[in-house]
Every structure is written in structure tokens, then in C-alpha cells.
>>> print(open('run_37.txt').read())   # compact mmCIF, C-alpha atoms
# COMPACT_ATOMS: atom_id res chain seq x y z
CA MET A 1 0.00 0.00 0.00
CA ASN A 2 1.41 3.29 -0.67
CA GLN A 3 -1.31 5.50 0.19
CA ALA A 4 -4.59 3.98 0.85
CA GLY A 5 -7.02 1.63 -0.43
CA GLY A 6 -10.51 0.59 -1.73
CA ARG A 7 -13.96 1.66 -2.98
CA SER A 8 -17.23 0.04 -3.48
CA GLY A 9 -18.92 -2.48 -5.68
CA ARG A 10 -22.33 -2.59 -7.16
CA SER A 11 -24.60 -5.35 -8.20
CA ASP A 12 -26.97 -3.38 -10.36
CA ARG A 13 -27.44 0.12 -11.66
CA SER A 14 -29.97 1.17 -9.07
CA ASP A 15 -27.61 0.14 -6.33
CA ARG A 16 -24.57 2.01 -7.52
CA SER A 17 -24.55 4.54 -4.81
CA ASP A 18 -24.80 2.27 -1.90
CA ARG A 19 -21.67 0.41 -2.63
CA GLY A 20 -17.52 0.85 -1.16
CA ARG A 21 -11.36 2.08 -1.72
CA PRO A 22 -15.25 2.00 3.26
CA THR A 23 -14.05 0.62 0.14
CA ARG A 24 -16.42 2.00 -1.80
CA GLY A 25 -21.48 5.02 -4.17
CA GLY A 26 -20.12 6.46 -6.88
CA GLY A 27 -20.40 5.91 -10.49
CA LYS A 28 -18.06 4.73 -13.12
CA ARG A 29 -15.90 2.24 -11.38
CA SER A 30 -17.14 -0.80 -9.68
CA ASP A 31 -18.00 0.81 -6.42
CA ARG A 32 -15.43 -1.47 -5.03
CA GLU A 33 -12.75 0.07 -7.07
CA GLN A 34 -13.91 3.35 -6.00
CA ARG A 35 -12.90 2.92 -2.56
CA THR A 36 -13.88 4.20 1.38
CA SER A 37 -12.01 4.05 -1.67
CA ARG A 38 -12.09 7.18 -2.04
CA GLU A 39 -8.88 6.18 -0.97
CA LYS A 40 -8.10 9.54 -0.81
CA PRO A 41 -9.64 9.00 2.49
CA GLY A 42 -7.72 5.59 1.84
CA GLU A 43 -5.44 7.98 2.54
CA GLN A 44 -7.91 7.98 5.27
CA ARG A 45 -5.37 5.85 6.80
CA ARG A 46 -1.72 5.39 6.44
CA ALA A 47 -2.16 1.68 6.33
CA ARG A 48 -4.47 1.85 3.44
CA GLY A 49 -1.74 3.77 1.85
CA ALA A 50 0.68 1.03 2.50
CA VAL A 51 -1.39 -1.37 0.60
CA SER A 52 -2.85 0.68 -2.11
CA ARG A 53 -1.19 3.41 -3.98
CA GLY A 54 -3.69 6.05 -3.08
CA ASP A 55 -4.96 6.37 -6.60
CA GLY A 56 -8.16 4.64 -5.74
CA GLY A 57 -10.76 5.79 -3.34
CA SER A 58 -11.06 5.14 0.23
CA ARG A 59 -14.66 4.85 0.61
CA SER A 60 -16.01 1.95 2.17
CA GLU A 61 -14.12 0.65 -0.56
CA ARG A 62 -17.25 -0.65 -1.89
CA ALA A 63 -20.00 1.25 -0.30
CA GLY A 64 -22.34 -1.22 -1.85
CA ARG A 65 -23.00 -4.86 -2.35
CA PRO A 66 -20.22 -7.27 -3.07
CA SER A 67 -19.94 -8.37 -6.64
CA SER A 68 -18.93 -11.87 -5.66
CA ARG A 69 -20.00 -14.33 -3.01
CA PRO A 70 -18.35 -14.44 0.37
CA ARG A 71 -15.55 -16.92 0.56
CA THR A 72 -15.13 -19.10 3.58
CA GLY A 73 -12.03 -20.42 5.25
CA SER A 74 -9.76 -17.91 3.55
CA ALA A 75 -8.53 -16.34 6.77
CA GLU A 76 -7.44 -19.69 8.08
CA ARG A 77 -5.78 -20.60 4.81
CA GLY A 78 -3.98 -17.29 4.68
CA SER A 79 -2.66 -17.69 8.19
CA ALA A 80 -1.59 -21.28 7.71
CA ASN A 81 0.14 -20.62 4.42
CA GLY A 82 1.56 -17.21 5.23
CA THR A 83 5.12 -18.32 5.81
CA ALA A 84 5.17 -20.57 2.76
CA ALA A 85 3.75 -17.80 0.61
CA ALA A 86 6.38 -15.38 1.88
CA GLN A 87 9.08 -17.79 0.77
CA GLN A 88 7.62 -18.03 -2.73
CA LEU A 89 7.19 -14.30 -3.37
CA ASN A 90 10.24 -12.60 -4.82
CA VAL A 91 10.57 -8.99 -3.71
CA ASP A 92 14.31 -8.57 -4.30
CA ASP A 93 13.68 -5.93 -6.96
CA VAL A 94 11.19 -3.93 -4.86
CA ASP A 95 12.50 -0.68 -3.38
CA PRO A 96 11.43 -0.50 0.30
CA GLY A 97 12.22 3.21 0.24
CA ARG A 98 9.00 3.77 -1.70
CA LEU A 99 6.92 2.97 1.35
CA ASP A 100 5.27 5.97 2.97
CA PRO A 101 7.57 7.33 5.72
CA ALA A 102 4.74 7.32 8.26
CA ILE A 103 4.19 3.62 7.64
CA ARG A 104 7.91 2.90 7.80
CA ALA A 105 7.92 4.55 11.22
CA ASP A 106 5.44 1.92 12.42
CA LEU A 107 7.93 -0.77 11.46
CA ARG A 108 10.65 0.51 13.76
CA THR A 109 9.77 -2.07 16.38
CA LEU A 110 11.09 -4.74 13.99
CA SER A 111 14.71 -5.62 13.34
CA LYS A 112 16.15 -3.70 10.40
CA PRO A 113 16.30 -6.70 8.03
CA ASN A 114 12.77 -7.75 8.94
CA ALA A 115 11.40 -4.20 8.61
CA GLU A 116 12.94 -3.97 5.14
CA ALA A 117 11.38 -7.27 4.08
CA VAL A 118 7.98 -6.20 5.38
CA ALA A 119 8.31 -2.86 3.58
CA ARG A 120 9.11 -4.62 0.31
CA HIS A 121 6.00 -6.78 0.59
CA LEU A 122 3.80 -3.79 1.42
CA VAL A 123 5.12 -1.83 -1.57
CA ALA A 124 4.56 -4.86 -3.82
CA ALA A 125 1.03 -5.21 -2.46
CA GLY A 126 0.35 -1.57 -3.28
CA ASP A 127 1.64 -1.96 -6.81
CA LEU A 128 -0.58 -4.96 -7.45
CA LEU A 129 -3.74 -3.95 -5.61
CA ASP A 130 -5.62 -2.53 -8.58
CA VAL A 131 -4.48 -5.04 -11.18
CA LYS A 132 -3.94 -8.31 -9.30
CA PRO A 133 -5.67 -8.01 -5.93
CA GLU A 134 -5.19 -11.67 -5.06
CA ARG A 135 -1.46 -11.36 -5.65
CA ALA A 136 -1.46 -8.16 -3.60
CA LEU A 137 -3.13 -10.08 -0.79
CA ALA A 138 -0.41 -12.74 -0.96
CA HIS A 139 2.21 -10.04 -0.41
CA ALA A 140 0.22 -8.50 2.43
CA ARG A 141 -0.09 -11.91 4.07
CA ALA A 142 3.65 -12.37 3.68
CA ALA A 143 4.16 -9.07 5.51
CA ARG A 144 1.81 -10.27 8.24
CA SER A 145 3.81 -13.49 8.66
CA ARG A 146 6.75 -11.29 9.66
CA ALA A 147 4.95 -8.52 11.56
CA ALA A 148 1.61 -9.73 12.88
CA ARG A 149 1.77 -7.38 15.86
CA VAL A 150 2.06 -4.21 13.78
CA ALA A 151 -1.33 -2.55 13.29
CA VAL A 152 -0.51 -0.98 9.94
CA VAL A 153 0.40 -4.41 8.55
CA ARG A 154 -2.85 -5.96 9.75
CA GLU A 155 -4.77 -3.12 8.16
CA ALA A 156 -2.85 -3.65 4.94
CA VAL A 157 -3.93 -7.30 4.92
CA GLY A 158 -7.51 -6.24 5.62
CA ILE A 159 -7.62 -3.77 2.75
CA ALA A 160 -5.98 -6.21 0.34
CA ALA A 161 -8.38 -8.96 1.40
CA TYR A 162 -11.27 -6.58 0.90
CA ARG A 163 -10.15 -5.75 -2.61
CA ALA A 164 -9.68 -9.45 -3.36
CA GLY A 165 -13.21 -10.26 -2.21
CA GLU A 166 -12.09 -12.18 0.87
CA TRP A 167 -14.67 -10.54 3.11
CA ALA A 168 -14.26 -12.73 6.20
CA GLU A 169 -10.50 -12.31 6.27
CA ALA A 170 -10.81 -8.58 5.62
CA LEU A 171 -13.22 -8.21 8.52
CA SER A 172 -10.99 -10.16 10.89
CA GLU A 173 -7.86 -8.21 9.95
CA LEU A 174 -9.48 -4.79 10.07
CA ARG A 175 -10.96 -5.51 13.49
CA ALA A 176 -7.52 -6.58 14.68
CA ALA A 177 -5.94 -3.43 13.26
CA ARG A 178 -8.51 -1.27 15.00
CA ARG A 179 -7.97 -3.04 18.32
CA MET A 180 -4.25 -2.55 18.04
CA SER A 181 -4.22 1.06 16.88
CA GLY A 182 -7.46 2.46 18.26
CA ASP A 183 -8.03 4.13 14.88
CA PRO A 184 -11.74 4.10 13.92
CA ARG A 185 -11.23 5.14 10.32
CA VAL A 186 -11.58 1.55 9.16
CA LEU A 187 -15.24 1.53 10.23
CA PRO A 188 -16.68 2.08 6.71
CA VAL A 189 -14.75 -0.88 5.33
CA ILE A 190 -15.65 -3.04 8.31
CA ALA A 191 -19.30 -2.16 7.78
CA ASP A 192 -19.08 -2.98 4.09
CA CYS A 193 -17.53 -6.36 4.89
CA GLU A 194 -20.54 -7.08 7.09
CA ARG A 195 -22.79 -6.26 4.13
CA ALA A 196 -20.76 -8.50 1.87
CA LEU A 197 -21.15 -11.35 4.35
CA GLY A 198 -24.92 -10.92 4.29
CA ARG A 199 -25.19 -9.18 7.66
CA PRO A 200 -26.66 -5.74 6.89
CA GLN A 201 -27.94 -5.33 10.45
CA GLN A 202 -24.38 -5.58 11.75
CA ALA A 203 -23.33 -2.88 9.31
CA ILE A 204 -26.16 -0.64 10.51
CA ARG A 205 -25.12 -1.07 14.15
CA LEU A 206 -21.70 0.38 13.38
CA LEU A 207 -23.28 3.79 12.89
CA ARG A 208 -23.84 3.75 16.65
CA ASP A 209 -20.23 2.84 17.43
CA HIS A 210 -18.80 5.00 20.22
CA ASP A 211 -15.96 6.18 17.95
CA VAL A 212 -18.12 7.46 15.10
CA SER A 213 -17.88 10.98 16.52
CA LYS A 214 -14.11 10.83 15.99
CA LEU A 215 -14.36 10.30 12.24
CA ASP A 216 -13.43 13.07 9.84
CA ALA A 217 -16.23 14.34 7.61
CA GLU A 218 -15.24 12.34 4.55
CA THR A 219 -14.89 9.05 6.38
CA TYR A 220 -18.20 9.68 8.13
CA ALA A 221 -19.82 10.23 4.73
CA GLU A 222 -18.42 6.90 3.58
CA LEU A 223 -19.87 5.16 6.60
CA LEU A 224 -23.27 6.72 5.90
CA ILE A 225 -23.12 5.47 2.32
CA VAL A 226 -22.44 1.92 3.47
CA VAL A 227 -25.11 1.98 6.16
CA ALA A 228 -27.63 3.38 3.68
CA GLY A 229 -26.69 0.52 1.37
CA ALA A 230 -27.37 -1.91 4.19
CA ARG A 231 -30.80 -0.35 4.66
CA ARG A 232 -31.45 -0.82 0.95
CA ASP A 233 -30.31 -4.44 1.21
CA MET A 234 -33.16 -4.87 3.70
CA GLY A 235 -35.67 -3.10 1.46
CA GLN A 236 -35.77 0.00 3.67
CA LEU A 237 -35.43 2.71 1.05
CA ASP A 238 -36.91 5.52 3.12
CA ALA A 239 -34.57 4.67 5.98
CA ALA A 240 -31.64 4.75 3.54
CA LEU A 241 -32.57 8.27 2.48
CA THR A 242 -32.79 9.34 6.11
CA VAL A 243 -29.32 7.94 6.82
CA LEU A 244 -27.80 9.79 3.86
CA GLY A 245 -29.48 12.97 5.01
CA LYS A 246 -27.30 12.90 8.11
CA GLY A 247 -24.29 13.70 5.95
CA GLY A 248 -25.49 17.13 4.86
CA LEU A 249 -27.79 17.95 1.95
CA ASP A 250 -27.21 21.67 1.60
CA ARG A 251 -26.18 22.21 -2.00
CA GLU A 252 -24.85 25.64 -1.10
CA ARG A 253 -22.45 24.18 1.45
CA PRO A 254 -20.80 21.02 0.10
CA GLY A 255 -18.30 19.30 2.36
CA PRO A 256 -15.71 16.54 2.18
CA GLY A 257 -17.35 13.45 0.74
CA SER A 258 -20.34 15.34 -0.69
CA ILE A 259 -19.79 14.03 -4.23
CA ARG A 260 -20.30 10.41 -3.29
CA LEU A 261 -22.85 11.15 -0.61
CA TRP A 262 -25.02 13.18 -2.98
CA TYR A 263 -24.60 10.57 -5.70
CA ALA A 264 -25.80 7.92 -3.26
CA TYR A 265 -28.73 10.11 -2.25
CA ALA A 266 -29.66 10.70 -5.89
CA ASP A 267 -29.45 6.98 -6.63
CA ALA A 268 -31.77 6.19 -3.72
CA LEU A 269 -34.22 8.84 -4.93
CA ALA A 270 -34.15 7.30 -8.40
CA ALA A 271 -34.85 3.89 -6.88
CA ALA A 272 -37.84 5.46 -5.13
CA ASP A 273 -39.05 6.75 -8.51
CA ARG A 274 -38.52 10.36 -7.44
CA ARG A 275 -36.94 11.16 -10.78
CA GLN A 276 -36.97 14.95 -10.70
CA GLU A 277 -35.32 15.11 -7.29
CA ALA A 278 -32.86 12.42 -8.32
CA ALA A 279 -31.87 14.41 -11.40
CA GLN A 280 -31.27 17.50 -9.26
CA TRP A 281 -29.00 15.65 -6.86
CA PHE A 282 -27.11 13.86 -9.62
CA ALA A 283 -26.54 17.29 -11.17
CA ALA A 284 -25.36 18.66 -7.83
CA ALA A 285 -22.88 15.79 -7.47
CA ALA A 286 -21.70 16.29 -11.07
CA ALA A 287 -21.07 19.99 -10.42
CA LEU A 288 -18.61 19.05 -7.69
CA ASP A 289 -17.07 16.14 -9.59
CA VAL A 290 -14.49 18.02 -11.63
CA THR A 291 -12.28 14.94 -12.04
CA GLY A 292 -15.00 12.67 -13.38
CA GLU A 293 -14.92 10.19 -10.52
CA THR A 294 -18.58 9.36 -11.03
CA ASP A 295 -21.08 9.20 -13.88
CA ALA A 296 -23.36 11.66 -12.10
CA ALA A 297 -23.70 13.97 -15.12
CA GLU A 298 -24.71 11.09 -17.36
CA ARG A 299 -27.30 9.85 -14.89
CA ALA A 300 -28.73 13.33 -14.42
CA ALA A 301 -29.15 13.65 -18.17
CA GLU A 302 -30.93 10.31 -18.36
CA LEU A 303 -33.56 11.52 -15.91
CA VAL A 304 -34.31 14.87 -17.51
>>> encode(input="run_37.txt", output="C-alpha cells")
Amino acid sequence: MNQAGGRSGRSDRSDRSDRGRPTRGGGKRSDREQRTSREKPGEQRRARGAVSRGDGGSRSERAGRPSSRPRTGSAERGSANGTAAAQQLNVDDVDPGRLDPAIRADLRTLSKPNAEAVARHLVAAGDLLDVKPERALAHARAARSRAARVAVVREAVGIAAYRAGEWAEALSELRAARRMSGDPRVLPVIADCERALGRPQQAIRLLRDHDVSKLDAETYAELLIVVAGARRDMGQLDAALTVLGKGGLDRERPGPGSIRLWYAYADALAAADRRQEAAQWFAAAAALDVTGETDAAERAAELV
């Protein structure tokens, strides 16, 4: 990870907005590739940065439904095979100096040779995250086999597992990282993993977590997007709209995360057949989206 990691994933057009680079929504990419994905809030966390290059999103990384079925037993397999995998992965040509300095600082508790090996695997994981997520996960697991007590490494494994669709392992690793670091910024991705595992009620409960008040505005918006998606999973469309409303719906005062939040709100309105309102909110999101992260403008035009 260099900078952060993961967005959302969608299962159908009407559900685009509620998917998460956590990760996770937003338009063009597969919500999952859009990341709590924002991944500029992947930047949300240094660890996400260690595993992803920061060019993704950091939203709930998927902010929506998983595009593949939950896999079982992967966490156990990863743990059991971690050492063997580490021996098979060649990182001799990887420059450990590319790892974010803040993440390298977290590796100071390790011996110098071990810290360098872990850094190489984290850099390799970041390079591969968008193109070969399963290979990126193998590198992250290799780093974990050498530094299982370092929070940033556990988070790196969690983000890589999330991007690879290994929801159970991602959930386990992100919970461990949070316990170790006390950092709540992984909450959107944790919530999206619960959705992916078919437990929307668990995702909804995370909005009442005692650390939610500590989240920055963008990460909080990502969490709202995931929780709204969980409400939609349960057929509670009105409740989803109410959840998204908590993030701020004043078009004169956009804030961090407003693009994806307003996109999600517009998508929910469209699902409720409130086409005119949906078009207005898609247009509002498009006006903020100068980099073309979403297809908000296209969707607004479709509804006019």
C-alpha cells in the first residue's frame, strides 16, 4: 500500500450509490474500485496507503454490495500458508524506500532486516492492488507473517483482502488493526464487509459505534453510504434516504465526501421513482465532480 485503499462495488445500476477504496457510491468504477475508496480518504489511513497506492478511493471501498460471493475459510488458509507464501514471493527488486515514511515509522519495532522485508512486501502489495488483488493479498499476508503485531500491517492485509473479495478475512484483519491502533477510520470498510457477508444489520449497528464521533467528515460520509446501502439491502429505502441525510444535503455548502454522498442520495431517490429530485441531486454531485470520478452527469441527463 502506498497511500490507501478501496472503494465500493455494485450489483446493479440502481444500487450504484450504496456500494464501497469504506471501500467504496459512486459511479463509473465498480464501487469497489472506488474505494472508502475514495482512498483519498484511503489515505484515510496510512495503512491503506501502504497497501494501495492512493490512486483509488477510500470509501467503504465498496459502499455497496459485493460483486462476488463471500468466501469461507480464507482467513485460516492465509494464516496457515503465510510463511510458505512469503518464501515463494520474490521482492528482491522492490524498493522498500517507496513505502510511505509514516508507515515505515510503524515498522521501527522490527529488526532492520525484517522491517525492510515487510516494507518490500507492502510496496509490492500496493503496486498490485488494482491489477492483481489476489497477488497483492499474498504479499500483504507475507508481511503479516513477519509482523503480525504491527497494526498498519494488519490493516494492509484487511484492505488487500477486501479488494480481493475475501470478506471474512478482511473483517478479521481490520478488526484486529482497530484493536491494536485504536483508529476508527476503518469503520466504513468493516461495515461494508458485514454487508458482503450478508449481515446488513451488523453494518447498521456500526453507525452507533462509540468512535463514530471521531471520524473526519469524509470518512463519516463513507460510513453513511455503506449503512444506507445496508438499509437498501433490507428493502428499507426511506430509511436509507434518512441515513444519507445525516451527511449534509445543503447544495450551497458542500463538504468533504459530498460528491459520493449526494450521488448515493440521488441513486436512492431514483430507486424510489422520485426522478426529478434524483436528477437535481445527480446534477449537484456532477457539479462538484471536476475529475469525473462518477457518472453523475450522465445519470442526471438520463432523468431529464
>>> atom_distance(input="run_37.txt", atom1="atom CA of Val304 of chain A", atom2="atom CA of Gly247 of chain A")
25.5 Å
>>> closest_residue(input="run_37.txt", among="A:Ser258, A:Ile204, A:Glu134, A:Ala272", to="Ala286 of chain A", atoms="all atoms listed in the file")
A:Ser258
>>> residues_around(input="run_37.txt", residues="Ala203 of chain A", least_positions_apart="5", cutoff="9 Å", atoms="all atoms listed in the file", output="tab-separated table (two decimals) with C-alpha atoms, in the frame of the given file")
chain	number	residue	atom	x	y	z
A	188	PRO	CA	-16.68	2.08	6.71
A	190	ILE	CA	-15.65	-3.04	8.31
A	191	ALA	CA	-19.30	-2.16	7.78
A	192	ASP	CA	-19.08	-2.98	4.09
A	193	CYS	CA	-17.53	-6.36	4.89
A	194	GLU	CA	-20.54	-7.08	7.09
A	195	ARG	CA	-22.79	-6.26	4.13
A	226	VAL	CA	-22.44	1.92	3.47
A	227	VAL	CA	-25.11	1.98	6.16
A	230	ALA	CA	-27.37	-1.91	4.19
>>> residues_around(input="run_37.txt", residues="Leu249 of chain A", least_positions_apart="3", cutoff="12 Å", atoms="all atoms listed in the file", output="short mmCIF file (atom, residue, chain, number, x, y, z; two decimals) with C-alpha atoms, in the coordinates of the input")
data_model
loop_
_atom_site.label_atom_id
_atom_site.label_comp_id
_atom_site.auth_asym_id
_atom_site.auth_seq_id
_atom_site.Cartn_x
_atom_site.Cartn_y
_atom_site.Cartn_z
CA ALA A 221 -19.82 10.23 4.73
CA LEU A 241 -32.57 8.27 2.48
CA THR A 242 -32.79 9.34 6.11
CA VAL A 243 -29.32 7.94 6.82
CA LEU A 244 -27.80 9.79 3.86
CA GLY A 245 -29.48 12.97 5.01
CA LYS A 246 -27.30 12.90 8.11
CA GLU A 252 -24.85 25.64 -1.10
CA ARG A 253 -22.45 24.18 1.45
CA PRO A 254 -20.80 21.02 0.10
CA GLY A 255 -18.30 19.30 2.36
CA GLY A 257 -17.35 13.45 0.74
CA SER A 258 -20.34 15.34 -0.69
CA ILE A 259 -19.79 14.03 -4.23
CA ARG A 260 -20.30 10.41 -3.29
CA LEU A 261 -22.85 11.15 -0.61
CA TRP A 262 -25.02 13.18 -2.98
CA TYR A 263 -24.60 10.57 -5.70
CA ALA A 264 -25.80 7.92 -3.26
CA TYR A 265 -28.73 10.11 -2.25
CA ALA A 266 -29.66 10.70 -5.89
CA GLN A 280 -31.27 17.50 -9.26
CA TRP A 281 -29.00 15.65 -6.86
CA ALA A 284 -25.36 18.66 -7.83
CA ALA A 285 -22.88 15.79 -7.47
#
>>> residues_around(input="run_37.txt", residues="segment 170-173 of chain A", least_positions_apart="6", cutoff="10 Å", atoms="only C-alpha atoms", output="list in words")
Ser74, Ala75, Ala151, Val153, Arg154, Glu155, Ala156, Val157, Gly158, Ile159, Ala160, Ala161, Tyr162, Arg163, Ala164, Arg179, Val186, Val189, Ile190, Ala191, Asp192, Cys193, Glu194 and Leu197 of chain A
>>> atom_distance(input="run_37.txt", atom1="atom CA of Ala301 of chain A", atom2="atom CA of Ala270 of chain A")
12.7 Å
>>> closest_residue(input="run_37.txt", among="A:Asp216, A:Leu187, A:Arg205, A:Ala300", to="Leu269 of chain A", atoms="all atoms listed in the file")
A:Ala300
>>> residues_near_point(input="run_37.txt", point="(0.2, -8.9, -6.8)", cutoff="12 Å", atoms="all atoms listed in the file", output="PyMOL selection string")
chain A and resi 1+51-52+89-91+121-142+160-161+163-164
>>> closest_residue(input="run_37.txt", among="A:Val152, A:Ala143, A:Leu237, A:Leu223", to="Arg104 of chain A", atoms="only C-alpha atoms")
A:Val152
>>> atom_distance(input="run_37.txt", atom1="atom CA of Leu174 of chain A", atom2="atom CA of Leu206 of chain A")
13.7 Å
>>> closest_residue(input="run_37.txt", among="A:Met234, A:Val150, A:Leu215, A:Met180", to="Ala115 of chain A", atoms="only C-alpha atoms")
A:Val150
>>> closest_residue(input="run_37.txt", among="A:Pro184, A:Glu222, A:Leu288, A:Ala278", to="His210 of chain A", atoms="all atoms listed in the file")
A:Pro184
>>> closest_residue(input="run_37.txt", among="A:Asp289, A:Asp183, A:Asp250, A:Asp295", to="Asp267 of chain A", atoms="only C-alpha atoms")
A:Asp295
